[in-house]
$ cat data_33.csv   # CSV, C-alpha atoms and all ligand atoms
chain,number,residue,atom,x,y,z
X,1,MET,CA,-27.1,5.1,36.3
X,2,THR,CA,-23.7,6.7,37.1
X,3,ASP,CA,-23.3,10.4,37.4
X,4,THR,CA,-19.9,12.0,37.8
X,5,PRO,CA,-19.2,15.4,39.3
X,6,ALA,CA,-17.5,17.7,36.8
X,7,SER,CA,-14.7,18.4,39.3
X,8,ALA,CA,-13.6,14.8,39.8
X,9,SER,CA,-10.7,15.0,37.5
X,10,PRO,CA,-10.3,18.2,35.5
X,11,GLY,CA,-10.1,17.6,31.8
X,12,PHE,CA,-11.5,14.1,32.0
X,13,LEU,CA,-14.8,12.3,32.3
X,14,GLU,CA,-14.4,9.2,34.5
X,15,LEU,CA,-17.0,6.5,35.1
X,16,ASP,CA,-17.4,2.8,35.1
X,17,TRP,CA,-18.6,1.2,31.9
X,18,GLN,CA,-19.2,-2.6,31.5
X,19,GLY,CA,-17.4,-3.1,34.9
X,20,GLN,CA,-14.3,-1.2,33.7
X,21,PRO,CA,-13.2,2.2,34.9
X,22,GLN,CA,-13.0,4.6,31.8
X,23,ARG,CA,-11.2,7.8,31.5
X,24,TRP,CA,-12.1,9.9,28.5
X,25,PRO,CA,-10.3,13.2,27.8
X,26,LEU,CA,-13.0,15.9,27.5
X,27,ALA,CA,-11.5,17.7,24.5
X,28,TRP,CA,-11.5,14.3,22.6
X,29,LEU,CA,-15.0,13.5,23.8
X,30,ARG,CA,-16.4,16.8,22.6
X,31,ASP,CA,-14.6,16.1,19.2
X,32,CYS,CA,-16.6,12.8,19.0
X,33,CYS,CA,-20.0,14.5,19.5
X,34,PRO,CA,-22.3,13.1,16.8
X,35,CYS,CA,-25.1,15.7,17.2
X,36,PRO,CA,-26.4,17.4,14.1
X,37,GLN,CA,-24.9,20.7,15.2
X,38,CYS,CA,-21.4,19.1,15.3
X,39,ARG,CA,-21.6,16.7,12.5
X,40,HIS,CA,-23.4,16.6,9.1
X,41,PRO,CA,-25.3,13.4,8.2
X,42,SER,CA,-22.5,12.8,5.6
X,43,GLY,CA,-20.1,12.3,8.5
X,44,GLN,CA,-18.2,15.5,7.8
X,45,ARG,CA,-17.6,17.9,10.7
X,46,LEU,CA,-19.6,21.1,11.0
X,47,GLN,CA,-18.1,22.3,14.3
X,48,MET,CA,-14.5,23.3,13.7
X,49,GLU,CA,-13.6,24.7,17.1
X,50,VAL,CA,-11.5,22.7,19.7
X,51,PHE,CA,-12.7,22.9,23.3
X,52,PRO,CA,-9.7,22.2,25.7
X,53,GLU,CA,-11.2,24.0,28.7
X,54,LEU,CA,-14.8,22.9,29.1
X,55,SER,CA,-16.0,20.8,32.0
X,56,ALA,CA,-18.8,18.2,31.8
X,57,ARG,CA,-21.0,15.8,33.6
X,58,GLY,CA,-21.7,12.4,32.3
X,59,GLU,CA,-24.5,9.9,32.8
X,60,LEU,CA,-24.7,6.3,31.4
X,61,LEU,CA,-28.1,5.5,29.8
X,62,ALA,CA,-29.6,2.2,28.8
X,63,GLY,CA,-28.2,0.5,25.6
X,64,ASP,CA,-24.6,1.5,26.2
X,65,ARG,CA,-25.3,5.2,25.6
X,66,LEU,CA,-23.6,8.1,27.4
X,67,GLN,CA,-25.2,11.4,27.9
X,68,VAL,CA,-22.9,14.4,28.5
X,69,SER,CA,-23.9,17.8,29.7
X,70,TRP,CA,-21.2,20.4,28.9
X,71,SER,CA,-20.4,23.6,30.9
X,72,ASP,CA,-21.2,25.7,27.7
X,73,GLY,CA,-24.7,24.2,27.7
X,74,HIS,CA,-24.1,21.8,24.8
X,75,GLU,CA,-25.6,18.3,25.2
X,76,SER,CA,-24.1,15.1,23.6
X,77,THR,CA,-25.3,11.6,23.4
X,78,TYR,CA,-22.8,8.8,22.4
X,79,GLU,CA,-23.1,5.2,21.4
X,80,LEU,CA,-20.2,3.9,23.5
X,81,SER,CA,-19.4,0.7,21.6
X,82,GLY,CA,-18.3,2.5,18.4
X,83,LEU,CA,-16.8,5.6,20.1
X,84,GLY,CA,-13.5,6.7,18.4
X,85,ARG,CA,-13.3,3.5,16.3
X,86,PHE,CA,-12.8,5.2,13.0
X,87,ALA,CA,-10.6,3.1,10.7
X,88,GLU,CA,-10.9,-0.6,10.1
X,89,PRO,CA,-7.2,-1.2,9.5
X,90,PRO,CA,-6.4,-3.0,6.3
X,91,PRO,CA,-5.3,-6.7,6.6
X,92,ALA,CA,-1.8,-6.8,8.0
X,93,PRO,CA,1.0,-8.0,5.6
X,94,VAL,CA,1.8,-11.7,5.9
X,95,LEU,CA,5.5,-12.0,4.8
X,96,TRP,CA,6.4,-14.8,2.4
X,97,ASN,CA,9.2,-16.5,0.6
X,98,ALA,CA,9.1,-18.8,-2.4
X,99,GLU,CA,8.2,-21.8,-0.3
X,100,SER,CA,5.7,-20.3,2.1
X,101,LEU,CA,3.7,-18.2,-0.5
X,102,GLU,CA,0.2,-19.3,-0.9
X,103,PHE,CA,-0.3,-17.7,-4.3
X,104,PRO,CA,-3.8,-16.0,-4.2
X,105,GLU,CA,-5.5,-17.0,-7.4
X,106,PHE,CA,-9.1,-16.1,-8.3
X,107,ASP,CA,-11.3,-16.2,-11.3
X,108,TYR,CA,-11.6,-12.7,-13.0
X,109,HIS,CA,-15.4,-12.8,-13.4
X,110,GLU,CA,-16.1,-14.4,-10.0
X,111,LEU,CA,-14.1,-11.6,-8.3
X,112,LEU,CA,-15.8,-8.8,-10.2
X,113,ASP,CA,-19.3,-10.3,-10.0
X,114,HIS,CA,-19.5,-11.3,-6.3
X,115,ALA,CA,-18.8,-8.9,-3.4
X,116,SER,CA,-17.8,-11.8,-1.1
X,117,VAL,CA,-15.2,-13.1,-3.6
X,118,ARG,CA,-14.0,-9.5,-4.0
X,119,ARG,CA,-13.6,-9.1,-0.3
X,120,GLU,CA,-11.7,-12.4,0.0
X,121,GLY,CA,-9.5,-11.6,-3.0
X,122,LEU,CA,-8.6,-8.1,-1.8
X,123,THR,CA,-8.0,-9.4,1.7
X,124,ARG,CA,-5.5,-11.9,0.3
X,125,PHE,CA,-4.1,-9.1,-1.8
X,126,PHE,CA,-3.4,-6.9,1.2
X,127,GLU,CA,-1.9,-9.9,3.1
X,128,SER,CA,0.4,-11.2,0.5
X,129,GLY,CA,0.8,-8.0,-1.6
X,130,LEU,CA,-0.4,-9.8,-4.8
X,131,LEU,CA,-3.4,-11.3,-6.5
X,132,LEU,CA,-3.6,-13.3,-9.7
X,133,LEU,CA,-6.9,-13.3,-11.7
X,134,LYS,CA,-7.4,-16.1,-14.2
X,135,ASN,CA,-9.6,-16.0,-17.3
X,136,ALA,CA,-9.6,-12.3,-18.0
X,137,PRO,CA,-10.6,-11.2,-21.5
X,138,THR,CA,-7.5,-10.7,-23.7
X,139,ALA,CA,-8.8,-7.6,-25.4
X,140,PRO,CA,-6.4,-4.6,-25.2
X,141,GLY,CA,-7.4,-2.2,-22.4
X,142,THR,CA,-9.1,-4.8,-20.3
X,143,LEU,CA,-7.0,-3.8,-17.3
X,144,LEU,CA,-8.6,-0.3,-17.3
X,145,GLU,CA,-12.1,-1.9,-17.2
X,146,PHE,CA,-10.9,-4.2,-14.5
X,147,VAL,CA,-9.7,-1.4,-12.2
X,148,ALA,CA,-12.9,0.7,-12.9
X,149,ARG,CA,-15.2,-2.3,-12.1
X,150,LEU,CA,-13.2,-3.0,-9.0
X,151,GLY,CA,-13.9,0.6,-7.8
X,152,GLY,CA,-10.3,1.8,-8.2
X,153,PHE,CA,-8.7,4.7,-10.0
X,154,VAL,CA,-5.8,4.5,-12.4
X,155,ARG,CA,-2.9,6.9,-12.1
X,156,GLU,CA,-2.1,8.4,-15.5
X,157,THR,CA,1.6,8.9,-16.2
X,158,ASN,CA,3.8,9.9,-19.2
X,159,TYR,CA,3.2,6.4,-20.4
X,160,GLY,CA,-0.5,7.2,-20.6
X,161,LYS,CA,-3.3,5.4,-18.7
X,162,TYR,CA,-1.7,2.2,-19.4
X,163,TYR,CA,1.6,1.1,-21.0
X,164,GLU,CA,2.6,-1.7,-23.4
X,165,VAL,CA,5.2,-4.3,-22.6
X,166,GLN,CA,6.3,-5.8,-25.9
X,167,VAL,CA,9.5,-5.9,-27.9
X,168,ALA,CA,10.0,-2.6,-29.9
X,169,GLU,CA,12.7,-0.8,-31.8
X,170,ASN,CA,14.7,2.1,-30.3
X,171,VAL,CA,13.2,1.8,-26.8
X,172,SER,CA,13.9,4.0,-23.8
X,173,ASN,CA,12.8,1.3,-21.4
X,174,LEU,CA,14.4,-2.1,-21.1
X,175,ALA,CA,11.0,-3.6,-20.4
X,176,ASN,CA,10.4,-3.3,-24.2
X,177,THR,CA,13.2,-5.6,-25.1
X,178,ALA,CA,13.7,-9.4,-24.8
X,179,LEU,CA,16.4,-8.8,-22.1
X,180,PRO,CA,15.9,-10.2,-18.6
X,181,LEU,CA,14.7,-7.8,-16.0
X,182,GLU,CA,16.1,-8.0,-12.5
X,183,ALA,CA,13.3,-8.0,-9.9
X,184,HIS,CA,12.4,-4.4,-9.1
X,185,THR,CA,9.7,-2.0,-8.0
X,186,ASP,CA,8.4,0.4,-10.7
X,187,ASN,CA,9.1,4.0,-11.1
X,188,PRO,CA,10.8,5.2,-7.8
X,189,TYR,CA,11.7,8.2,-10.0
X,190,ARG,CA,8.1,9.4,-9.7
X,191,ASN,CA,6.7,11.5,-6.9
X,192,PRO,CA,4.5,10.1,-5.6
X,193,VAL,CA,5.7,6.6,-6.5
X,194,PRO,CA,2.9,4.4,-7.9
X,195,THR,CA,1.4,2.3,-5.1
X,196,VAL,CA,-0.1,-0.7,-7.1
X,197,GLN,CA,0.6,-2.2,-10.4
X,198,CYS,CA,-1.5,-4.4,-12.7
X,199,LEU,CA,0.1,-6.5,-15.5
X,200,HIS,CA,-2.3,-8.1,-17.9
X,201,CYS,CA,-1.0,-10.9,-20.2
X,202,LEU,CA,-2.6,-10.8,-23.7
X,203,ILE,CA,-0.1,-13.0,-25.6
X,204,ASN,CA,2.8,-15.1,-24.4
X,205,GLU,CA,4.1,-17.5,-27.0
X,206,THR,CA,7.8,-17.1,-26.3
X,207,GLY,CA,10.3,-19.5,-24.8
X,208,GLY,CA,11.4,-18.2,-21.4
X,209,GLY,CA,10.0,-14.9,-20.2
X,210,ASP,CA,9.0,-16.4,-16.8
X,211,SER,CA,7.8,-13.9,-14.2
X,212,MET,CA,9.5,-13.5,-10.9
X,213,LEU,CA,8.0,-12.0,-7.7
X,214,VAL,CA,9.8,-11.2,-4.4
X,215,ASP,CA,8.4,-10.0,-1.1
X,216,GLY,CA,10.5,-6.9,-0.5
X,217,PHE,CA,9.2,-6.6,3.1
X,218,HIS,CA,10.4,-10.1,3.8
X,219,ALA,CA,13.9,-9.3,2.5
X,220,ALA,CA,13.9,-6.0,4.4
X,221,GLU,CA,12.9,-7.7,7.7
X,222,ASP,CA,15.6,-10.3,7.2
X,223,LEU,CA,18.1,-7.5,6.8
X,224,ARG,CA,16.8,-5.8,10.0
X,225,ARG,CA,17.3,-9.0,11.9
X,226,THR,CA,20.7,-10.1,10.5
X,227,ALA,CA,22.4,-6.7,9.7
X,228,PRO,CA,20.7,-4.0,11.8
X,229,GLU,CA,23.3,-1.4,11.1
X,230,GLN,CA,22.9,-1.8,7.3
X,231,PHE,CA,19.2,-1.9,7.6
X,232,ARG,CA,19.3,1.4,9.5
X,233,GLU,CA,21.6,3.0,6.9
X,234,LEU,CA,19.2,2.1,4.1
X,235,THR,CA,16.2,3.6,6.0
X,236,GLN,CA,18.1,6.8,6.6
X,237,ARG,CA,19.8,7.5,3.4
X,238,SER,CA,17.9,8.9,0.4
X,239,VAL,CA,18.8,7.6,-3.0
X,240,PRO,CA,18.3,9.4,-6.4
X,241,PHE,CA,16.3,7.8,-9.2
X,242,GLN,CA,15.8,9.1,-12.7
X,243,TYR,CA,13.9,8.4,-15.9
X,244,LEU,CA,14.9,10.2,-19.0
X,245,ASP,CA,13.6,10.3,-22.6
X,246,GLU,CA,12.9,12.9,-25.3
X,247,SER,CA,9.8,14.1,-23.5
X,248,CYS,CA,10.6,14.0,-19.8
X,249,ASP,CA,13.2,14.0,-17.1
X,250,LEU,CA,11.6,12.5,-14.0
X,251,ARG,CA,13.6,12.4,-10.7
X,252,ASN,CA,12.8,11.5,-7.2
X,253,THR,CA,14.9,10.9,-4.1
X,254,VAL,CA,13.8,8.2,-1.6
X,255,PRO,CA,15.3,5.7,0.8
X,256,LEU,CA,15.4,2.1,-0.4
X,257,ILE,CA,13.6,1.1,2.8
X,258,ASP,CA,11.0,3.5,4.0
X,259,LEU,CA,9.7,3.2,7.6
X,260,ALA,CA,6.3,4.1,9.0
X,261,PRO,CA,6.4,6.4,12.0
X,262,GLU,CA,5.7,3.3,14.2
X,263,GLY,CA,8.9,1.7,12.8
X,264,GLY,CA,7.4,-0.9,10.4
X,265,VAL,CA,8.6,-1.2,6.8
X,266,GLN,CA,6.0,0.6,4.7
X,267,VAL,CA,7.8,0.9,1.3
X,268,VAL,CA,10.7,-0.8,-0.4
X,269,HIS,CA,12.0,1.1,-3.4
X,270,TYR,CA,14.3,-1.0,-5.5
X,271,ASN,CA,15.2,-0.4,-9.1
X,272,ARG,CA,18.8,-0.7,-10.1
X,273,ARG,CA,18.0,0.4,-13.7
X,274,SER,CA,16.9,3.8,-12.7
X,275,MET,CA,19.0,4.3,-9.5
X,276,ARG,CA,21.6,7.1,-10.0
X,277,PRO,CA,25.0,7.0,-8.2
X,278,GLN,CA,25.4,10.0,-5.9
X,279,TRP,CA,28.6,11.4,-4.3
X,280,MET,CA,29.1,11.0,-0.6
X,281,PRO,CA,32.2,11.1,1.5
X,282,PRO,CA,34.2,7.9,0.7
X,283,HIS,CA,33.6,6.1,4.0
X,284,GLN,CA,29.8,6.6,3.6
X,285,LEU,CA,30.0,5.4,0.0
X,286,GLU,CA,31.8,2.3,1.2
X,287,SER,CA,29.1,1.5,3.9
X,288,PHE,CA,26.2,2.3,1.5
X,289,TYR,CA,27.4,-0.1,-1.2
X,290,ALA,CA,28.0,-2.8,1.4
X,291,ALA,CA,24.4,-2.3,2.7
X,292,LEU,CA,23.0,-2.2,-0.9
X,293,SER,CA,24.8,-5.4,-1.7
X,294,SER,CA,23.3,-7.1,1.5
X,295,LEU,CA,19.8,-6.0,0.5
X,296,ARG,CA,20.2,-7.1,-3.1
X,297,GLU,CA,21.5,-10.5,-1.9
X,298,ARG,CA,18.3,-11.0,0.1
X,299,LEU,CA,16.0,-9.6,-2.7
X,300,HIS,CA,17.4,-12.0,-5.3
X,301,ALA,CA,18.0,-15.1,-3.2
X,302,PRO,CA,16.3,-18.0,-5.0
X,303,ALA,CA,14.6,-19.0,-1.8
X,304,ASN,CA,12.8,-15.7,-1.8
X,305,THR,CA,11.9,-15.6,-5.5
X,306,PHE,CA,8.6,-17.1,-6.7
X,307,THR,CA,8.7,-17.9,-10.4
X,308,PHE,CA,5.8,-18.7,-12.7
X,309,HIS,CA,4.6,-18.3,-16.3
X,310,LEU,CA,2.0,-15.6,-17.1
X,311,GLU,CA,-0.6,-17.1,-19.4
X,312,PRO,CA,-2.9,-15.2,-21.8
X,313,GLY,CA,-5.9,-14.0,-19.7
X,314,ASP,CA,-3.8,-13.7,-16.5
X,315,LEU,CA,-4.1,-10.4,-14.8
X,316,LEU,CA,-1.6,-9.9,-12.0
X,317,MET,CA,-2.1,-7.1,-9.4
X,318,PHE,CA,0.6,-6.4,-6.8
X,319,SER,CA,1.7,-3.8,-4.3
X,320,ASN,CA,4.4,-1.6,-5.9
X,321,ARG,CA,5.4,-0.5,-2.4
X,322,ARG,CA,6.3,-4.0,-1.4
X,323,ILE,CA,6.5,-6.6,-4.2
X,324,LEU,CA,9.4,-6.7,-6.7
X,325,HIS,CA,8.7,-8.1,-10.1
X,326,GLY,CA,11.0,-9.2,-12.9
X,327,ARG,CA,11.3,-11.7,-15.7
X,328,THR,CA,13.8,-14.0,-17.3
X,329,ALA,CA,15.0,-13.4,-20.9
X,330,PHE,CA,12.8,-14.7,-23.7
X,331,SER,CA,13.3,-15.8,-27.3
X,332,HIS,CA,12.3,-13.6,-30.2
X,333,SER,CA,10.6,-16.6,-31.9
X,334,GLY,CA,7.0,-15.9,-30.5
X,335,ALA,CA,4.9,-12.9,-29.6
X,336,ARG,CA,4.7,-11.6,-26.0
X,337,HIS,CA,2.4,-8.7,-25.2
X,338,LEU,CA,1.5,-7.4,-21.7
X,339,GLN,CA,-0.2,-4.3,-20.7
X,340,GLY,CA,0.3,-2.6,-17.4
X,341,CYS,CA,-1.2,0.3,-15.3
X,342,TYR,CA,-1.0,1.8,-11.9
X,343,PRO,CA,-4.1,1.9,-9.8
X,344,ASP,CA,-3.9,3.8,-6.5
X,345,VAL,CA,-4.1,1.7,-3.4
X,346,ASP,CA,-6.7,3.9,-1.6
X,347,GLY,CA,-9.4,3.0,-4.2
X,348,LEU,CA,-8.7,-0.7,-3.7
X,349,LEU,CA,-8.9,-0.3,0.1
X,350,SER,CA,-12.2,1.5,-0.4
X,351,SER,CA,-13.4,-1.4,-2.6
X,352,TRP,CA,-12.3,-3.9,0.1
X,353,ARG,CA,-14.3,-2.0,2.8
X,354,ARG,CA,-17.4,-1.7,0.6
X,355,ALA,CA,-17.3,-5.4,-0.2
X,356,ALA,CA,-17.6,-6.3,3.5
U,401,FE,FE,8.4,-3.1,-14.0
U,402,ZN,ZN,-22.6,18.3,19.3

$ encode --input "data_33.csv" --output "structure tokens"
Amino acid sequence: MTDTPASASPGFLELDWQGQPQRWPLAWLRDCCPCPQCRHPSGQRLQMEVFPELSARGELLAGDRLQVSWSDGHESTYELSGLGRFAEPPPAPVLWNAESLEFPEFDYHELLDHASVRREGLTRFFESGLLLLKNAPTAPGTLLEFVARLGGFVRETNYGKYYEVQVAENVSNLANTALPLEAHTDNPYRNPVPTVQCLHCLINETGGGDSMLVDGFHAAEDLRRTAPEQFRELTQRSVPFQYLDESCDLRNTVPLIDLAPEGGVQVVHYNRRSMRPQWMPPHQLESFYAALSSLRERLHAPANTFTFHLEPGDLLMFSNRRILHGRTAFSHSGARHLQGCYPDVDGLLSSWRRAA
């Protein structure tokens, strides 16, 4: 048993645990109190106050438990091993190019029916940014059932809960033509930008129309390494995007490369179709377009582009914050019908945690 005097180090509780000296800030320790006065069985906090000025005495108990007596009379008992470990971080991205990508492919039914397969499939999804499910039913709307059974939530947009990708007359979106689509992320003109995209292939009888995938993080990190000034420019300059049709005028302004507070690339927004030119002083325009060109070169390098053919019953899910998708042109001779939707990433993370 170890007992510390309250005065040993004001504001801290210090004692040895598992042979290591520990130093816990008291305000934090009080915030962690799991007692029924402080925290509801649901895990939600009941005690809203912050206690920066209390003192406390601590005592280690058997079973890695810590007993703390506070100067306001409160008593707390902690399980030390889990203390403060709140979030299991999602699997870290594993960057890829066309050669290094191990394309994660799973059977649609296996993944939905078995938690262990779901866990593995979603782990691979968070690592590579994508996941291909084979043998999905080819009924229209299957993708909504897929997301619901996965435990995710679909973001509804002006396109509806899902949208059709098939050749049509008088389109407002080039996706609904037979034209090639340069690899892009979807809808940077929305706020918030969709985090994940599903594309479900119902029919693909055309010549051409191959799908292309690019790891935007890999391209951005390459730019950071080889042209750090241009990388910095693209992280610091916001770029306008717009989608316009008879019913809406959607606009958003975001940097092409968005950094997390810790400095890692967290989003790549890249869509030349919907990017709008903006006025800046001429020397800034010059350096911006040079940086844009450098990024584009890396995003479209053949070595970075993974190409494959979507078959009927294929359901592709990918991070719209990281993975660019595109397609080659296709012939008008056969039918091609895809459906797409935007599940939010938080529901998929939840599903990954619950499948553990
Ligand atoms: Fe798209
Ligand atoms: Zn408490």

$ residues_near_ligand --input "data_33.csv" --ligand "ligand ZN 402 (chain U)" --cutoff "8 Å" --atoms "all atoms listed in the file" --output "PyMOL selection string"
chain X and resi 30+33-39+47+74-76

$ atom_distance --input "data_33.csv" --atom1 "CA of Leu338 (chain X)" --atom2 "CA of Glu246 (chain X)"
23.6 Å

$ closest_residue --input "data_33.csv" --among "X:Leu315, X:Leu349, X:Leu80, X:Cys341" --to "Tyr163 (chain X)" --atoms "all atoms listed in the file"
X:Cys341

$ residues_around --input "data_33.csv" --residues "region 205-222 of chain X" --least-positions-apart "2" --cutoff "7 Å" --atoms "all atoms listed in the file" --output "ChimeraX atom specification"
/X:95-97,183,203,224-226,265,268,298-299,304-310,322-336

$ residues_near_ligand --input "data_33.csv" --ligand "ligand FE 401 (chain U)" --cutoff "12 Å" --atoms "all atoms listed in the file" --output "ChimeraX atom specification"
/X:163-165,173-176,180-188,194,196-199,211-213,269-274,318-320,323-327,338-342
